[in-house]
Amino acid sequence: MAGYKDDFILEITPQVLLKAYACGLFPMAESAEDPGLFWLEPERRGILPLDTVHIPRRLKRTIRSDVFEIRISTDFQGVINGCSEPMPGRRKTWINREIRRLYGELFEMGYCQTVEAWQGGVLVGGLYGVSLNGAFFGESMFTFKTDASKVCLAHLIARLIAGGYTLLDTQFVTDHLSKFGTVEVARDAYNTLLSDALQKETDFYALSQRANGQDVLNILDSQQTAT
C-alpha cells in the first residue's frame with residue numbers, strides 16, 4: 001500500500017481533496033488525536049460493482065419493512081460523530097479534526113453526501129462519502145441499531161444506480177462489505193474505472209428522497225435483470 005505523509009504546514013483545501021480523489025488518492029489520519037493527514041493509494045482497491053450487488057434475503061425483509069426512516073444529507077455532523085464512535089471490531093477512530101473540517105466543507109459545497117437511518121426521531125445509523133461525477137467514494141459508516149448501516153448502504157446503492165453512477169469505491173474490503181459483493185481490483189484497473197466514471201454526468205438526487213424500501217429493492221432487482 002502506498003502512503004504519503006502530509007507533513008507540510010499549508011492547509012489542505014476541499015479543492016485539493018477533490019483533485020486527490022480524481023487521481024486515485026484518499027486521506028487518512030493515524031488517530032483522532034493526530035492533527036496531520038496522509039494520502040493513501042492502495043495497490044489493490046475495494047469496489048462494489050453496482051451491477052452485481054448481493055442483498056441477503058433477511059436484509060431484504062428488513063429493507064422492505066421500512067423499520068428505519070431514511071434521510072439523505074440532513075445531518076452531516078450527526079453522521080460523522082456516529083462514525084467516530086467505537087464499534088465492535090473498531091476500538092479507535094481515524095477521524096480527526098482535519099477530517100471533520102474538510103468533509104464538513106465538502107458537505108456544504110454539495111460534494112459530500114450522507115445516507116441516514118432514523119428511528120423514533122433518533123439517528124441510529126448512517127454513512128458518508130464523496131460524490132464526484134460518476135464515482136462515489138465511501139468513507140465510513142456506523143450503526144447503533146441492528147442492520148441500520150446495511151439498510152443505508154442498500155439505499156445508497158439504489159440511489160447511485162438511479163443517478164447514473166458507475167463506480168462505488170469502498171477503499172478496502174471488509175467482512176461487512178464483502179457480503180454485498182465488494183471485490184478488490186488492482187490499482188491500474190481501478191484507475192481505468194475511475195477515469196471512465198469521472199466522464200459521467202450524474203444526479204445523486206435522481207431517486208426521490210421519499211423512496212421507500214420496496215423502491216430500493218425494485219431498482220436493485222432491475223439492475224440484476226438488466227445484466
# chains A, B, ... in the order shown; residues from 1 in each chain; ligands from 1
>>> residues_around(residues="region 104-109 of chain A", least_positions_apart="3", cutoff="12 Å", atoms="only C-alpha atoms", output="JSON, numbers by chain")
{"A": [12, 13, 14, 15, 16, 17, 18, 72, 73, 74, 75, 76, 77, 78, 79, 80, 81, 97, 98, 99, 100, 101, 112, 113, 114, 128, 129, 130, 131, 132]}
>>> write_last_selection(atoms="C-alpha atoms", output="short mmCIF file (atom, residue, chain, number, x, y, z; two decimals), in the first residue's frame")
data_model
loop_
_atom_site.label_atom_id
_atom_site.label_comp_id
_atom_site.auth_asym_id
_atom_site.auth_seq_id
_atom_site.Cartn_x
_atom_site.Cartn_y
_atom_site.Cartn_z
CA ILE A 12 -5.38 21.20 2.62
CA THR A 13 -8.38 22.72 0.89
CA PRO A 14 -11.56 20.93 -0.24
CA GLN A 15 -10.48 21.63 -3.83
CA VAL A 16 -7.17 19.83 -3.26
CA LEU A 17 -9.07 16.93 -1.70
CA LEU A 18 -11.33 16.61 -4.75
CA ILE A 72 -30.45 12.00 2.65
CA SER A 73 -27.81 14.56 3.63
CA THR A 74 -29.67 16.21 6.51
CA ASP A 75 -27.24 15.73 9.42
CA PHE A 76 -23.58 15.57 8.47
CA GLN A 77 -22.37 16.29 11.99
CA GLY A 78 -24.54 13.53 13.41
CA VAL A 79 -23.21 11.04 10.88
CA ILE A 80 -19.55 11.87 11.32
CA ASN A 81 -20.00 11.82 15.09
CA ARG A 97 -10.31 17.45 13.43
CA GLU A 98 -8.89 17.93 9.94
CA ILE A 99 -11.11 15.20 8.50
CA ARG A 100 -14.13 16.79 10.15
CA ARG A 101 -13.23 20.19 8.73
CA CYS A 112 -20.08 15.09 0.45
CA GLN A 113 -23.34 13.18 0.95
CA THR A 114 -24.83 11.22 3.81
CA TYR A 128 -20.95 9.39 4.33
CA GLY A 129 -18.85 9.70 1.23
CA VAL A 130 -17.75 11.95 -1.61
CA SER A 131 -19.72 12.24 -4.83
CA LEU A 132 -17.69 13.26 -7.88
#
>>> residues_around(residues="Lys60 (chain A)", least_positions_apart="3", cutoff="12 Å", atoms="only C-alpha atoms", output="short mmCIF file (atom, residue, chain, number, x, y, z; two decimals) with N, CA, C and O atoms, in the first residue's frame")
data_model
loop_
_atom_site.label_atom_id
_atom_site.label_comp_id
_atom_site.auth_asym_id
_atom_site.auth_seq_id
_atom_site.Cartn_x
_atom_site.Cartn_y
_atom_site.Cartn_z
N HIS A 54 -25.19 -7.98 -4.07
CA HIS A 54 -25.92 -9.07 -3.43
C HIS A 54 -26.55 -8.57 -2.13
O HIS A 54 -25.86 -8.04 -1.27
N ILE A 55 -27.86 -8.72 -2.02
CA ILE A 55 -28.58 -8.35 -0.80
C ILE A 55 -29.09 -9.63 -0.16
O ILE A 55 -29.94 -10.32 -0.73
N PRO A 56 -28.61 -9.99 1.03
CA PRO A 56 -29.09 -11.20 1.70
C PRO A 56 -30.60 -11.16 1.90
O PRO A 56 -31.20 -10.09 2.08
N ARG A 57 -31.21 -12.34 1.88
CA ARG A 57 -32.67 -12.44 1.95
C ARG A 57 -33.23 -11.80 3.22
O ARG A 57 -34.24 -11.09 3.18
N ILE A 63 -35.27 -4.24 4.75
CA ILE A 63 -35.37 -3.08 3.86
C ILE A 63 -36.83 -2.84 3.49
O ILE A 63 -37.34 -1.71 3.54
N ARG A 64 -37.51 -3.92 3.13
CA ARG A 64 -38.90 -3.81 2.68
C ARG A 64 -39.82 -3.32 3.79
O ARG A 64 -40.82 -2.64 3.54
N SER A 65 -39.49 -3.65 5.03
CA SER A 65 -40.36 -3.30 6.15
C SER A 65 -40.26 -1.84 6.57
O SER A 65 -41.10 -1.36 7.35
N ASP A 66 -39.24 -1.14 6.08
CA ASP A 66 -39.07 0.30 6.39
C ASP A 66 -39.07 0.55 7.90
O ASP A 66 -39.73 1.47 8.40
N VAL A 67 -38.30 -0.24 8.62
CA VAL A 67 -38.22 -0.02 10.07
C VAL A 67 -37.42 1.24 10.39
O VAL A 67 -37.52 1.77 11.51
N ASP A 147 -28.60 -3.69 11.64
CA ASP A 147 -28.86 -3.53 10.21
C ASP A 147 -29.03 -2.09 9.75
O ASP A 147 -29.25 -1.86 8.54
N LYS A 150 -26.49 -1.25 7.11
CA LYS A 150 -26.69 -2.07 5.92
C LYS A 150 -27.86 -1.55 5.08
O LYS A 150 -27.80 -1.54 3.84
N VAL A 151 -28.91 -1.13 5.76
CA VAL A 151 -30.05 -0.55 5.04
C VAL A 151 -29.63 0.75 4.36
O VAL A 151 -30.01 1.01 3.21
N ALA A 154 -27.78 -0.14 1.19
CA ALA A 154 -28.69 -0.55 0.13
C ALA A 154 -29.35 0.66 -0.51
O ALA A 154 -29.48 0.75 -1.74
N HIS A 155 -29.78 1.61 0.31
CA HIS A 155 -30.38 2.85 -0.23
C HIS A 155 -29.36 3.63 -1.04
O HIS A 155 -29.71 4.21 -2.09
N PHE A 180 -21.99 -7.91 0.46
CA PHE A 180 -22.74 -7.21 -0.59
C PHE A 180 -22.14 -7.43 -1.97
O PHE A 180 -22.72 -7.01 -2.96
N GLY A 213 -38.32 1.29 1.01
CA GLY A 213 -37.55 0.07 0.84
C GLY A 213 -37.91 -0.72 -0.39
O GLY A 213 -37.03 -1.27 -1.07
N GLN A 214 -39.18 -0.78 -0.73
CA GLN A 214 -39.59 -1.52 -1.92
C GLN A 214 -39.07 -0.84 -3.18
O GLN A 214 -38.67 -1.51 -4.13
N ASP A 215 -39.06 0.48 -3.19
CA ASP A 215 -38.48 1.21 -4.33
C ASP A 215 -37.02 0.83 -4.51
O ASP A 215 -36.54 0.62 -5.63
N VAL A 216 -36.30 0.77 -3.40
CA VAL A 216 -34.88 0.41 -3.45
C VAL A 216 -34.69 -1.00 -4.00
O VAL A 216 -33.86 -1.24 -4.89
N LEU A 217 -35.46 -1.95 -3.49
CA LEU A 217 -35.34 -3.33 -3.96
C LEU A 217 -35.72 -3.46 -5.42
O LEU A 217 -35.11 -4.25 -6.16
N ASN A 218 -36.70 -2.69 -5.87
CA ASN A 218 -37.09 -2.73 -7.29
C ASN A 218 -35.93 -2.28 -8.18
O ASN A 218 -35.68 -2.87 -9.23
N LEU A 220 -32.68 -2.37 -7.41
CA LEU A 220 -31.62 -3.38 -7.35
C LEU A 220 -31.98 -4.61 -8.16
O LEU A 220 -31.13 -5.17 -8.87
N ASP A 221 -33.24 -5.03 -8.11
CA ASP A 221 -33.68 -6.19 -8.88
C ASP A 221 -33.62 -5.91 -10.38
O ASP A 221 -33.21 -6.77 -11.17
#
>>> residues_around(residues="region 191-200 of chain A", least_positions_apart="5", cutoff="8 Å", atoms="only C-alpha atoms", output="number ranges by chain")
A: 22-24, 132-135, 164-167
>>> residues_around(residues="Arg44 (chain A)", least_positions_apart="5", cutoff="6 Å", atoms="only C-alpha atoms", output="mmCIF file with C-alpha atoms, in the first residue's frame")
data_model
loop_
_atom_site.group_PDB
_atom_site.id
_atom_site.type_symbol
_atom_site.label_atom_id
_atom_site.label_comp_id
_atom_site.auth_asym_id
_atom_site.auth_seq_id
_atom_site.Cartn_x
_atom_site.Cartn_y
_atom_site.Cartn_z
ATOM 1 C CA GLU A 184 -10.615 -5.990 -4.842
ATOM 2 C CA VAL A 185 -9.161 -4.690 -8.085
ATOM 3 C CA ALA A 186 -5.584 -3.809 -8.962
ATOM 4 C CA ARG A 187 -4.566 -0.159 -8.984
#
>>> residues_around(residues="Gly125 (chain A)", least_positions_apart="4", cutoff="10 Å", atoms="only C-alpha atoms", output="list in words")
Phe68, Ile70, Gly78, Val79, Gly82, Cys83, Val115, Glu116, Ala117, Trp118, Gln119, Met141, Phe142, Thr143, Phe144, Lys145, Thr146, Asp147, Ala148, Ser149, Lys150, Val151 and Cys152 of chain A
>>> atom_distance(atom1="CA of Phe204 (chain A)", atom2="CA of Gly110 (chain A)")
10.1 Å
>>> atom_distance(atom1="CA of Val173 (chain A)", atom2="CA of Pro42 (chain A)")
11.7 Å
>>> select_by_dssp(residues="region 1-223 of chain A", states="strand (DSSP E or B)", output="MDAnalysis selection string")
chainID A and resid 2:6 26:28 37:41 44:47 69:72 87 90 112:119 122:132 135:143 167:171 183:186
>>> closest_residue(among="A:Gly181, A:Asp188, A:Gln209, A:Tyr111", to="Leu156 (chain A)", atoms="only C-alpha atoms")
A:Gln209
>>> residues_around(residues="Pro35 (chain A)", least_positions_apart="2", cutoff="9 Å", atoms="only C-alpha atoms", output="PyMOL selection string")
chain A and resi 29-33+37+96-98
>>> write_last_selection(atoms="C-alpha atoms", output="short mmCIF file (atom, residue, chain, number, x, y, z; two decimals), in the first residue's frame")
data_model
loop_
_atom_site.label_atom_id
_atom_site.label_comp_id
_atom_site.auth_asym_id
_atom_site.auth_seq_id
_atom_site.Cartn_x
_atom_site.Cartn_y
_atom_site.Cartn_z
CA ALA A 29 -5.10 10.14 9.87
CA GLU A 30 -3.12 7.99 12.26
CA SER A 31 -5.68 8.66 15.00
CA ALA A 32 -8.29 11.17 16.13
CA GLU A 33 -5.58 12.91 18.16
CA LEU A 37 -3.18 13.55 7.36
CA ASN A 96 -9.56 13.73 13.41
CA ARG A 97 -10.31 17.45 13.43
CA GLU A 98 -8.89 17.93 9.94
#
>>> closest_residue(among="A:Ser84, A:Thr93, A:Ser140, A:Thr174", to="Gly46 (chain A)", atoms="only C-alpha atoms")
A:Thr174
>>> closest_residue(among="A:Arg159, A:Arg210, A:Lys19, A:Arg45", to="Val183 (chain A)", atoms="only C-alpha atoms")
A:Arg45
>>> atom_distance(atom1="CA of Gly138 (chain A)", atom2="CA of Thr170 (chain A)")
5.2 Å
>>> select_by_dssp(residues="region 6-181 of chain A", states="helix (DSSP H, G or I)", output="VMD selection string")
chain A and resid 14 to 22 57 to 65 76 to 83 97 to 109 148 to 163 175 to 178
>>> decode(residues="region 50-78 of chain A", atoms="N, CA and C atoms", output="CSV table (one decimal), in the first residue's frame")
chain,number,residue,atom,x,y,z
A,50,LEU,N,-21.8,-2.1,-9.1
A,50,LEU,CA,-23.2,-1.8,-9.0
A,50,LEU,C,-24.1,-2.8,-9.7
A,51,ASP,N,-23.6,-3.6,-10.6
A,51,ASP,CA,-24.4,-4.5,-11.4
A,51,ASP,C,-24.4,-5.9,-10.9
A,52,THR,N,-23.6,-6.1,-9.8
A,52,THR,CA,-23.6,-7.5,-9.2
A,52,THR,C,-23.8,-7.4,-7.6
A,53,VAL,N,-24.6,-6.4,-7.2
A,53,VAL,CA,-24.8,-6.3,-5.8
A,53,VAL,C,-25.6,-7.5,-5.2
A,54,HIS,N,-25.2,-8.0,-4.1
A,54,HIS,CA,-25.9,-9.1,-3.4
A,54,HIS,C,-26.6,-8.6,-2.1
A,55,ILE,N,-27.9,-8.7,-2.0
A,55,ILE,CA,-28.6,-8.4,-0.8
A,55,ILE,C,-29.1,-9.6,-0.2
A,56,PRO,N,-28.6,-10.0,1.0
A,56,PRO,CA,-29.1,-11.2,1.7
A,56,PRO,C,-30.6,-11.2,1.9
A,57,ARG,N,-31.2,-12.3,1.9
A,57,ARG,CA,-32.7,-12.4,2.0
A,57,ARG,C,-33.2,-11.8,3.2
A,58,ARG,N,-32.6,-12.1,4.3
A,58,ARG,CA,-33.1,-11.5,5.6
A,58,ARG,C,-33.0,-10.0,5.6
A,59,LEU,N,-31.9,-9.4,5.0
A,59,LEU,CA,-31.8,-8.0,4.9
A,59,LEU,C,-32.9,-7.4,4.0
A,60,LYS,N,-33.2,-8.1,2.9
A,60,LYS,CA,-34.3,-7.6,2.0
A,60,LYS,C,-35.6,-7.4,2.8
A,61,ARG,N,-35.9,-8.4,3.7
A,61,ARG,CA,-37.1,-8.2,4.5
A,61,ARG,C,-37.0,-7.0,5.4
A,62,THR,N,-35.9,-6.7,5.9
A,62,THR,CA,-35.7,-5.5,6.8
A,62,THR,C,-35.9,-4.2,5.9
A,63,ILE,N,-35.3,-4.2,4.8
A,63,ILE,CA,-35.4,-3.1,3.9
A,63,ILE,C,-36.8,-2.8,3.5
A,64,ARG,N,-37.5,-3.9,3.1
A,64,ARG,CA,-38.9,-3.8,2.7
A,64,ARG,C,-39.8,-3.3,3.8
A,65,SER,N,-39.5,-3.7,5.0
A,65,SER,CA,-40.4,-3.3,6.2
A,65,SER,C,-40.3,-1.8,6.6
A,66,ASP,N,-39.2,-1.1,6.1
A,66,ASP,CA,-39.1,0.3,6.4
A,66,ASP,C,-39.1,0.6,7.9
A,67,VAL,N,-38.3,-0.2,8.6
A,67,VAL,CA,-38.2,0.0,10.1
A,67,VAL,C,-37.4,1.2,10.4
A,68,PHE,N,-36.6,1.7,9.4
A,68,PHE,CA,-35.9,3.0,9.6
A,68,PHE,C,-36.4,4.0,8.6
A,69,GLU,N,-36.4,5.2,9.1
A,69,GLU,CA,-36.7,6.3,8.2
A,69,GLU,C,-35.4,6.8,7.6
A,70,ILE,N,-35.3,6.7,6.2
A,70,ILE,CA,-34.0,7.0,5.6
A,70,ILE,C,-34.1,8.5,5.1
A,71,ARG,N,-33.1,9.3,5.6
A,71,ARG,CA,-33.0,10.6,5.1
A,71,ARG,C,-31.6,10.8,4.4
A,72,ILE,N,-31.6,11.8,3.5
A,72,ILE,CA,-30.4,12.0,2.6
A,72,ILE,C,-29.8,13.4,2.9
A,73,SER,N,-28.6,13.3,3.4
A,73,SER,CA,-27.8,14.6,3.6
A,73,SER,C,-28.5,15.6,4.4
A,74,THR,N,-29.0,15.2,5.6
A,74,THR,CA,-29.7,16.2,6.5
A,74,THR,C,-28.9,16.5,7.8
A,75,ASP,N,-27.9,15.6,8.1
A,75,ASP,CA,-27.2,15.7,9.4
A,75,ASP,C,-25.8,15.2,9.3
A,76,PHE,N,-25.0,16.0,8.6
A,76,PHE,CA,-23.6,15.6,8.5
A,76,PHE,C,-22.9,15.4,9.8
A,77,GLN,N,-23.1,16.4,10.7
A,77,GLN,CA,-22.4,16.3,12.0
A,77,GLN,C,-22.8,15.1,12.8
A,78,GLY,N,-24.1,14.7,12.7
A,78,GLY,CA,-24.5,13.5,13.4
A,78,GLY,C,-23.9,12.3,12.8
